[in-house]
Amino acid sequence: MSPWLPILMAVPVVGAIVVALLPKGSDKLAKQVTLLVSLLVLVLTGVVAAGFKPNGDRFQFVAEYNWIPSFGVKFGVGVDGVALVLIALSAVLVPIVVLASWHDADGVKSADGTVIAPKRSVKTYFSLLLVLETMMIGVFAATDIFLFYVFFEAMLIPMYFMIGSYGGAQRSYAAVKFLLYSLFGGLLMLVAVIGLYFVAGKNTFMFPQLIGVIQDPAMQKWLFAGFFIAFAIKAPLWPVHTWLPDAAAQAPAGAAVLLVGVLDKVGTFGMLRFCLELFPEAAKAFTMPIVVLAVISIIYGAIVAIGQNDMKRLIAYTSISHFGFIVLGVFAMSDVAQSGAALYMVNHGFATGALFLAAGFLIARRGSPYIEDYGGVQKVAPMLAGFFLVAGLAGLSLPGLSSFVSEFMVMIGTYSTEAHGSGALTAAAVVSAVAVILAAVYILWMVQRVLNGPTAEPVKAFKDLNAREIWVLAPLVALIIGFGFFPKPLLDVINPSVQETLTNVKVPVSTIAEKGTGQ
Amino acid sequence: MNSIPAPTIEYGTLAPLLVVFAAAVIGVLVEAFAPRYLRKAIHVPLTLLSLLGAFALVLVQVLRGRVSTTASAMGAVAVDGPALFIWGVILVLSFVCVLLINDEGHFVASAAAVPGSADEEEAESMSGGVGHTEVYPLVLFAVGGMLLFPASHDLLTMFVALEVMSLPLYLLCGLARRRRLLSQEASMKYFLLGAFSSAFFLYGTAMVYGYAGTVSLPGINQALAVGASLDPLLMIGLALLGVGLLFKIGAAPFQAWKPDVYQGAPTPITALMASGTLVAAVGAVLRVFWVGLGNLDWNWRPVIWVVAALTMVVGSVLAITQTEIKRMLAYSSIAHAGFLLVGVMATFATPEQNAVSLKAVLFYLAVYGFTTVGAFAIVTLVRDPGGEAGHLSRWAGLGKRAPVLAGVFAFFLLAFAGIPLTSGFFGKYAVFAAALNSGTQPGDSMGGWMAGLVVVGVVASAVAAFFYVRVIVLMFFSEPAADGPAIAVPTAGTVAVIALALLVTVGVGLYPESVLGVADDAASSLFIR
């Protein structure tokens, strides 16, 4: 029993209560407390990460408490490599988002005095953010499937309020769409969770004890479907992706980062851990249809992104394309592709986070999300333009930046996998490679229209990044470049846990992993 | 010479019931003899203390471990574990409802006042102390009926309980101080339809008596074990009994009265009906179907399957089109009745497994009742000049005008929707789990259909979430109207009601074992057969 994970989960929620109870008019204090708490969580996560032994037990920092004995539910937490890196991703992103959202609830006025966002409750925003952090950590740390489900559903609520109360003009439509899509998927998963409990007949929801228990292939398929639909909506996979562009475009930039960067990862994380390991036969049986959906997502997301005029919508569509890659990697059933997919989850969080935040800073200055309203930012605000460019290049997976490593691993792993013995996955890899070119189009074309060309009149008044904004973007860009050249620390943690997954799915582990890590 | 033996009455076991009825009778005497200005001062403590006393007597029975294992009062009443649990829940719920009733301004001075008439004007203008004090004994009679209804051990007692419970409620529905026409219409509709359904119930009782030769529930079950199970008398009787019972819980296709009655009735009475009456009626449904018709489950389960599915779908879908907050909550209550029926269907071959299903239903009843009372208590506080601000558009921007109130209401709505970390989630989980479990038992007659029903249930939950969320959108994401409703300053009673409801909803949401444990103890002994 290790107390670290429960402490990690308790700190933000205690912070949230403190922030919520601060007296009226202490907005600045609320922000400072939130930042401190989130930094404390980051430090604690660092302690956990330092204590994690990559080649030790699969689940470490395990803690189990009885929660609802009547239902056989335990408060069971523990992390494997993939969960650890995703918790770390959350812990890194939250303080950055706190800094980035510093003035979001204060009310925004554009240069010409029109109100873009009215003043809203600062304390509520930051306490919701901290509640969300507890749930993000909890959902990745849960080893009890019921507990996972509780966090999976409950984390919708703070995000729902963050979009609905603090978002753009269409915020309530976007918030409701987001909530209902996710809720619908989640409820189907609830049926599968209950079904798993009774079919397994073990009187427990603890994930490690449920691996390999369901033998009946037909039952596996039903339960797999229940889990997979929920995760596909969350990830999101074509054709259930339509909520994401709305939600991400309407959410405040900070919330959008957490939504796309972390919340959606729960979907792909769930596929990797629960869909594959609990229902290996079903996963193999459904591989081809899912790969087809993933490839459609990759190409469709990229093509639609090219046509977007709203920057945040554009980034959301690029994410749909990237999530297609992650799903492809997960279901390619080779260790390189799956390690690549897990790494992609982290890298995508950093890259898209940076892109959303840089775009958010542009929007805060100009008051418009539309690309056509910009032009020539490069000349007026070179630093902002520089960060925007680097973030964009990470989005198109430029070699030397972190996303390249993961995208390359997914493609090479999918291309060379022998799990299916057919050329179908090879073909999938080839087709999805087209997205690399499309990515260059959507990113570079946006960058060109926003940063270059004659400086538009309203853009001339732009101020360059201030110190706070540099502190937001610099760490992300440092991580993007750092892991671009040296992904080994992440892969060392991810690889053993992916191999464990593949062992449970009964797929032979090849040796290409070594080549992959050599990138 | 044969002397007629005196019936044995277990006064100790029946004490909670007797206390409530005695207080009701004293209440009537107070109405007759006490001077008008004193009546309320006598009624309020009398009512609250009797409910509290009855609750204490329930606790005493439970804590001393003297839960009876045989039927009391010559086999007329069964005070078993589940009955005691339901009694406890009803008594607490009605106690908090009385706190709401106690608030001034909900009731008309005279039930006979014609809307818009001079009488009404006069009654309105008279200064304090002229409140409608008959409300208190009426509520006590209704509560007494609610206690007896789920504890009845034979169909005749159950019919009497049904009437004792319903008659005062018909009258109470017509006593709303404002929107008199709506209130009187509600009262009339409820009375006519209710009387109709009571007739169905009575006729069904007669038919079943014709088949089994007894009205006692275990007697009927024994007759089923040996007799022909496709006897027309039995089939007709079963169908008629079902209509009477399903009407009371508001299951489709017998749900039509609920929105009108819930809307027209004074809100504290709506709260009492939505919580206490529903708990009592589901208890009675359980007892009739599990005890009386336990040997016929292959016969009624397919029927209830259809009713449950229909109820969940009708409740969730029609709620979307509602624009009145109380009508919306009424449809929500219909949907929840459907979820409860899912639990009623989860029967097994062994008593141990049946106890788990029973626990699920009891747990659901308890947590749903508290959340409902809390939600209606908040509805009473949002007021327009002409009474409660019922129309949903009036709730726009409430989150900015009264953030705490709106936040608590939003939390109750999320609990209705079954979002995790609220009590409502665990209620839903419990009944769905019980239903799926019964479907996976080898040899279960419904088999995969139970899984199908649960899928219908979750889809209905997702649809239902839409209209709960719509209210949250209105309250928090819309700008307040310039002439928005006033938020009444809540009295201490109302604050206590909301606080208790919130405490249960949050507390059970975080640590459901607290109530599950009690429900488990209550359910483990199952019903007396």
# chains A, B, ... in the order shown; residues from 1 in each chain; ligands from 1
>>> interface_residues(of="chain A", to="chain B", cutoff="6 Å", atoms="only C-alpha atoms", output="compact mmCIF listing (two decimals) with all heavy atoms, in the first residue's frame")
# COMPACT_ATOMS: atom_id res chain seq x y z
N ILE A 68 -17.16 0.22 -1.71
CA ILE A 68 -18.56 -0.21 -1.64
C ILE A 68 -18.58 -1.73 -1.63
O ILE A 68 -18.76 -2.37 -2.66
CB ILE A 68 -19.37 0.30 -2.85
CG1 ILE A 68 -19.00 1.75 -3.16
CG2 ILE A 68 -20.86 0.18 -2.58
CD1 ILE A 68 -19.64 2.26 -4.43
N VAL A 150 -16.40 5.71 -12.77
CA VAL A 150 -16.89 6.86 -11.99
C VAL A 150 -16.15 8.13 -12.42
O VAL A 150 -16.76 9.16 -12.70
CB VAL A 150 -16.72 6.60 -10.48
CG1 VAL A 150 -16.87 7.88 -9.69
CG2 VAL A 150 -17.75 5.59 -10.02
N ALA A 154 -17.71 11.31 -14.24
CA ALA A 154 -17.78 12.49 -13.38
C ALA A 154 -16.95 13.64 -13.95
O ALA A 154 -17.28 14.80 -13.77
CB ALA A 154 -17.32 12.15 -11.97
N GLY A 164 -19.43 25.60 -20.82
CA GLY A 164 -20.72 26.28 -20.87
C GLY A 164 -20.71 27.66 -20.24
O GLY A 164 -21.43 28.55 -20.70
N SER A 165 -19.92 27.85 -19.18
CA SER A 165 -19.95 29.14 -18.51
C SER A 165 -18.89 30.09 -19.01
O SER A 165 -19.01 31.30 -18.85
CB SER A 165 -19.75 28.96 -16.99
OG SER A 165 -20.87 28.34 -16.44
N PHE A 184 -23.79 9.41 -23.38
CA PHE A 184 -24.40 8.29 -24.08
C PHE A 184 -23.40 7.13 -24.18
O PHE A 184 -23.71 5.99 -23.84
CB PHE A 184 -24.86 8.73 -25.47
CG PHE A 184 -25.46 7.62 -26.26
CD1 PHE A 184 -26.74 7.18 -25.97
CD2 PHE A 184 -24.76 7.01 -27.29
CE1 PHE A 184 -27.30 6.14 -26.70
CE2 PHE A 184 -25.32 5.98 -28.01
CZ PHE A 184 -26.59 5.54 -27.72
N LEU A 187 -22.83 5.53 -20.77
CA LEU A 187 -23.88 4.67 -20.25
C LEU A 187 -23.84 3.29 -20.91
O LEU A 187 -24.06 2.28 -20.25
CB LEU A 187 -25.25 5.33 -20.46
CG LEU A 187 -25.52 6.47 -19.48
CD1 LEU A 187 -26.67 7.33 -19.94
CD2 LEU A 187 -25.81 5.90 -18.10
N ILE A 194 -21.09 -3.60 -15.95
CA ILE A 194 -21.89 -4.50 -15.10
C ILE A 194 -21.85 -5.92 -15.66
O ILE A 194 -21.69 -6.90 -14.93
CB ILE A 194 -23.35 -4.01 -15.04
CG1 ILE A 194 -23.43 -2.58 -14.52
CG2 ILE A 194 -24.17 -4.91 -14.12
CD1 ILE A 194 -24.83 -1.99 -14.58
>>> residues_around(residues="Arg401 of chain B", least_positions_apart="6", cutoff="9 Å", atoms="only C-alpha atoms", output="NGL selection string")
:B and (480 or 484 or 487)
>>> atom_distance(atom1="atom CA of Ser368 of chain A", atom2="atom CA of Met162 of chain A")
19.9 Å
>>> residues_around(residues="Leu42 of chain A", least_positions_apart="5", cutoff="10 Å", atoms="only C-alpha atoms", output="list in words")
Leu8, Leu36, Val37, Val47, Val48, Ile87, Ala88, Leu89, Ser90, Ala91, Val92, Leu93, Val94 and Pro95 of chain A
>>> write_last_selection(atoms="N, CA, C and O atoms", output="mmCIF file, in the first residue's frame")
data_model
loop_
_atom_site.group_PDB
_atom_site.id
_atom_site.type_symbol
_atom_site.label_atom_id
_atom_site.label_comp_id
_atom_site.auth_asym_id
_atom_site.auth_seq_id
_atom_site.Cartn_x
_atom_site.Cartn_y
_atom_site.Cartn_z
ATOM 1 N N LEU A 8 -1.879 12.304 -4.222
ATOM 2 C CA LEU A 8 -1.849 13.044 -5.484
ATOM 3 C C LEU A 8 -3.261 13.441 -5.907
ATOM 4 O O LEU A 8 -3.486 14.525 -6.450
ATOM 5 N N LEU A 36 -0.241 27.449 -7.125
ATOM 6 C CA LEU A 36 0.593 26.758 -6.136
ATOM 7 C C LEU A 36 0.193 25.300 -6.013
ATOM 8 O O LEU A 36 1.044 24.407 -6.011
ATOM 9 N N VAL A 37 -1.125 25.060 -5.917
ATOM 10 C CA VAL A 37 -1.590 23.685 -5.766
ATOM 11 C C VAL A 37 -1.178 22.858 -6.971
ATOM 12 O O VAL A 37 -0.685 21.737 -6.843
ATOM 13 N N VAL A 47 7.861 13.093 -7.876
ATOM 14 C CA VAL A 47 8.311 12.117 -6.879
ATOM 15 C C VAL A 47 7.870 10.714 -7.270
ATOM 16 O O VAL A 47 8.641 9.751 -7.237
ATOM 17 N N VAL A 48 6.606 10.607 -7.696
ATOM 18 C CA VAL A 48 6.098 9.292 -8.105
ATOM 19 C C VAL A 48 6.883 8.779 -9.302
ATOM 20 O O VAL A 48 7.294 7.615 -9.349
ATOM 21 N N ILE A 87 -0.532 10.639 -16.515
ATOM 22 C CA ILE A 87 -0.702 11.446 -15.306
ATOM 23 C C ILE A 87 0.302 12.597 -15.325
ATOM 24 O O ILE A 87 -0.022 13.745 -15.002
ATOM 25 N N ALA A 88 1.529 12.269 -15.735
ATOM 26 C CA ALA A 88 2.549 13.320 -15.805
ATOM 27 C C ALA A 88 2.138 14.393 -16.801
ATOM 28 O O ALA A 88 2.296 15.591 -16.553
ATOM 29 N N LEU A 89 1.576 13.955 -17.932
ATOM 30 C CA LEU A 89 1.097 14.919 -18.930
ATOM 31 C C LEU A 89 0.070 15.861 -18.299
ATOM 32 O O LEU A 89 0.152 17.092 -18.462
ATOM 33 N N SER A 90 -0.885 15.285 -17.552
ATOM 34 C CA SER A 90 -1.892 16.130 -16.913
ATOM 35 C C SER A 90 -1.247 17.092 -15.931
ATOM 36 O O SER A 90 -1.589 18.276 -15.892
ATOM 37 N N ALA A 91 -0.329 16.543 -15.129
ATOM 38 C CA ALA A 91 0.282 17.374 -14.093
ATOM 39 C C ALA A 91 1.092 18.513 -14.707
ATOM 40 O O ALA A 91 1.198 19.583 -14.117
ATOM 41 N N VAL A 92 1.687 18.277 -15.884
ATOM 42 C CA VAL A 92 2.445 19.348 -16.547
ATOM 43 C C VAL A 92 1.483 20.377 -17.140
ATOM 44 O O VAL A 92 1.715 21.586 -17.062
ATOM 45 N N LEU A 93 0.409 19.883 -17.752
ATOM 46 C CA LEU A 93 -0.468 20.808 -18.466
ATOM 47 C C LEU A 93 -1.260 21.718 -17.530
ATOM 48 O O LEU A 93 -1.519 22.873 -17.867
ATOM 49 N N VAL A 94 -1.651 21.201 -16.348
ATOM 50 C CA VAL A 94 -2.539 22.009 -15.512
ATOM 51 C C VAL A 94 -1.915 23.345 -15.086
ATOM 52 O O VAL A 94 -2.528 24.391 -15.297
ATOM 53 N N PRO A 95 -0.682 23.355 -14.508
ATOM 54 C CA PRO A 95 -0.142 24.677 -14.154
ATOM 55 C C PRO A 95 0.003 25.595 -15.362
ATOM 56 O O PRO A 95 -0.220 26.816 -15.262
#
>>> atom_distance(atom1="atom CA of Ala161 of chain B", atom2="atom CA of Leu147 of chain B")
8.2 Å
>>> atom_distance(atom1="atom CA of Phe331 of chain A", atom2="atom CA of Val291 of chain A")
6.9 Å
>>> residues_around(residues="Leu341 of chain B", least_positions_apart="4", cutoff="7 Å", atoms="only C-alpha atoms", output="ChimeraX atom specification")
/B:308,337,345
>>> select_by_dssp(residues="segment 101-169 of chain A", states="alpha helix (DSSP H)", output="PyMOL selection string")
chain A and resi 122-141+145-154+156-166
>>> closest_residue(among="B:Met450, B:Leu358, B:Ala274, B:Leu318", to="Ala375 of chain B", atoms="only C-alpha atoms")
B:Ala274
>>> residues_around(residues="Gln255 of chain B", least_positions_apart="3", cutoff="9 Å", atoms="only C-alpha atoms", output="PyMOL selection string")
chain B and resi 246-252+258-259+311+314-315+331+334
>>> write_last_selection(atoms="N, CA, C and O atoms", output="compact mmCIF listing (two decimals), in the first residue's frame")
# COMPACT_ATOMS: atom_id res chain seq x y z
N LEU B 246 -50.01 -0.23 -11.01
CA LEU B 246 -49.13 0.53 -11.89
C LEU B 246 -49.62 1.96 -12.05
O LEU B 246 -48.84 2.88 -12.26
N PHE B 247 -50.94 2.16 -11.91
CA PHE B 247 -51.46 3.52 -11.92
C PHE B 247 -50.83 4.33 -10.79
O PHE B 247 -50.42 5.48 -10.98
N LYS B 248 -50.74 3.71 -9.62
CA LYS B 248 -50.25 4.46 -8.46
C LYS B 248 -48.80 4.86 -8.61
O LYS B 248 -48.39 5.92 -8.13
N ILE B 249 -47.98 4.02 -9.23
CA ILE B 249 -46.59 4.45 -9.39
C ILE B 249 -46.43 5.29 -10.66
O ILE B 249 -45.35 5.81 -10.91
N GLY B 250 -47.49 5.40 -11.46
CA GLY B 250 -47.40 6.25 -12.65
C GLY B 250 -46.62 5.61 -13.77
O GLY B 250 -45.89 6.28 -14.49
N ALA B 251 -46.78 4.28 -13.93
CA ALA B 251 -46.10 3.62 -15.04
C ALA B 251 -46.93 3.78 -16.31
O ALA B 251 -48.14 3.82 -16.27
N ALA B 252 -46.22 3.88 -17.45
CA ALA B 252 -46.94 3.96 -18.73
C ALA B 252 -47.59 2.60 -18.98
O ALA B 252 -47.02 1.58 -18.64
N LYS B 258 -50.03 12.06 -13.92
CA LYS B 258 -48.91 12.58 -13.11
C LYS B 258 -48.57 14.04 -13.44
O LYS B 258 -48.51 14.86 -12.51
N PRO B 259 -48.32 14.38 -14.70
CA PRO B 259 -47.94 15.77 -14.96
C PRO B 259 -48.99 16.77 -14.52
O PRO B 259 -48.66 17.78 -13.89
N THR B 311 -42.42 2.81 -19.92
CA THR B 311 -42.41 3.88 -18.92
C THR B 311 -41.14 4.71 -19.01
O THR B 311 -41.18 5.94 -18.99
N VAL B 314 -41.30 6.70 -22.40
CA VAL B 314 -42.31 7.76 -22.39
C VAL B 314 -41.88 8.89 -21.45
O VAL B 314 -41.92 10.07 -21.80
N GLY B 315 -41.45 8.51 -20.24
CA GLY B 315 -41.06 9.52 -19.27
C GLY B 315 -39.93 10.39 -19.79
O GLY B 315 -39.97 11.62 -19.71
N TYR B 331 -42.58 14.14 -15.31
CA TYR B 331 -42.16 13.15 -16.30
C TYR B 331 -40.89 12.45 -15.86
O TYR B 331 -40.70 11.26 -16.11
N ILE B 334 -41.90 9.78 -13.72
CA ILE B 334 -42.40 8.63 -14.49
C ILE B 334 -41.22 7.78 -14.96
O ILE B 334 -41.22 6.55 -14.82
>>> select_by_dssp(residues="segment 29-224 of chain B", states="strand (DSSP E or B)", output="list in words")
Ser72, Val77, Phe107, Ser152, Asp154, Ala176 and Ser216 of chain B
>>> residues_around(residues="segment 405-408 of chain B", least_positions_apart="4", cutoff="8 Å", atoms="only C-alpha atoms", output="MDAnalysis selection string")
chainID B and resid 378 398:399 412 475:476 502
>>> residues_around(residues="Phe205 of chain A", least_positions_apart="6", cutoff="12 Å", atoms="only C-alpha atoms", output="MDAnalysis selection string")
chainID A and resid 64 66:69 71:77 142:149 192:199 211 213 274 278
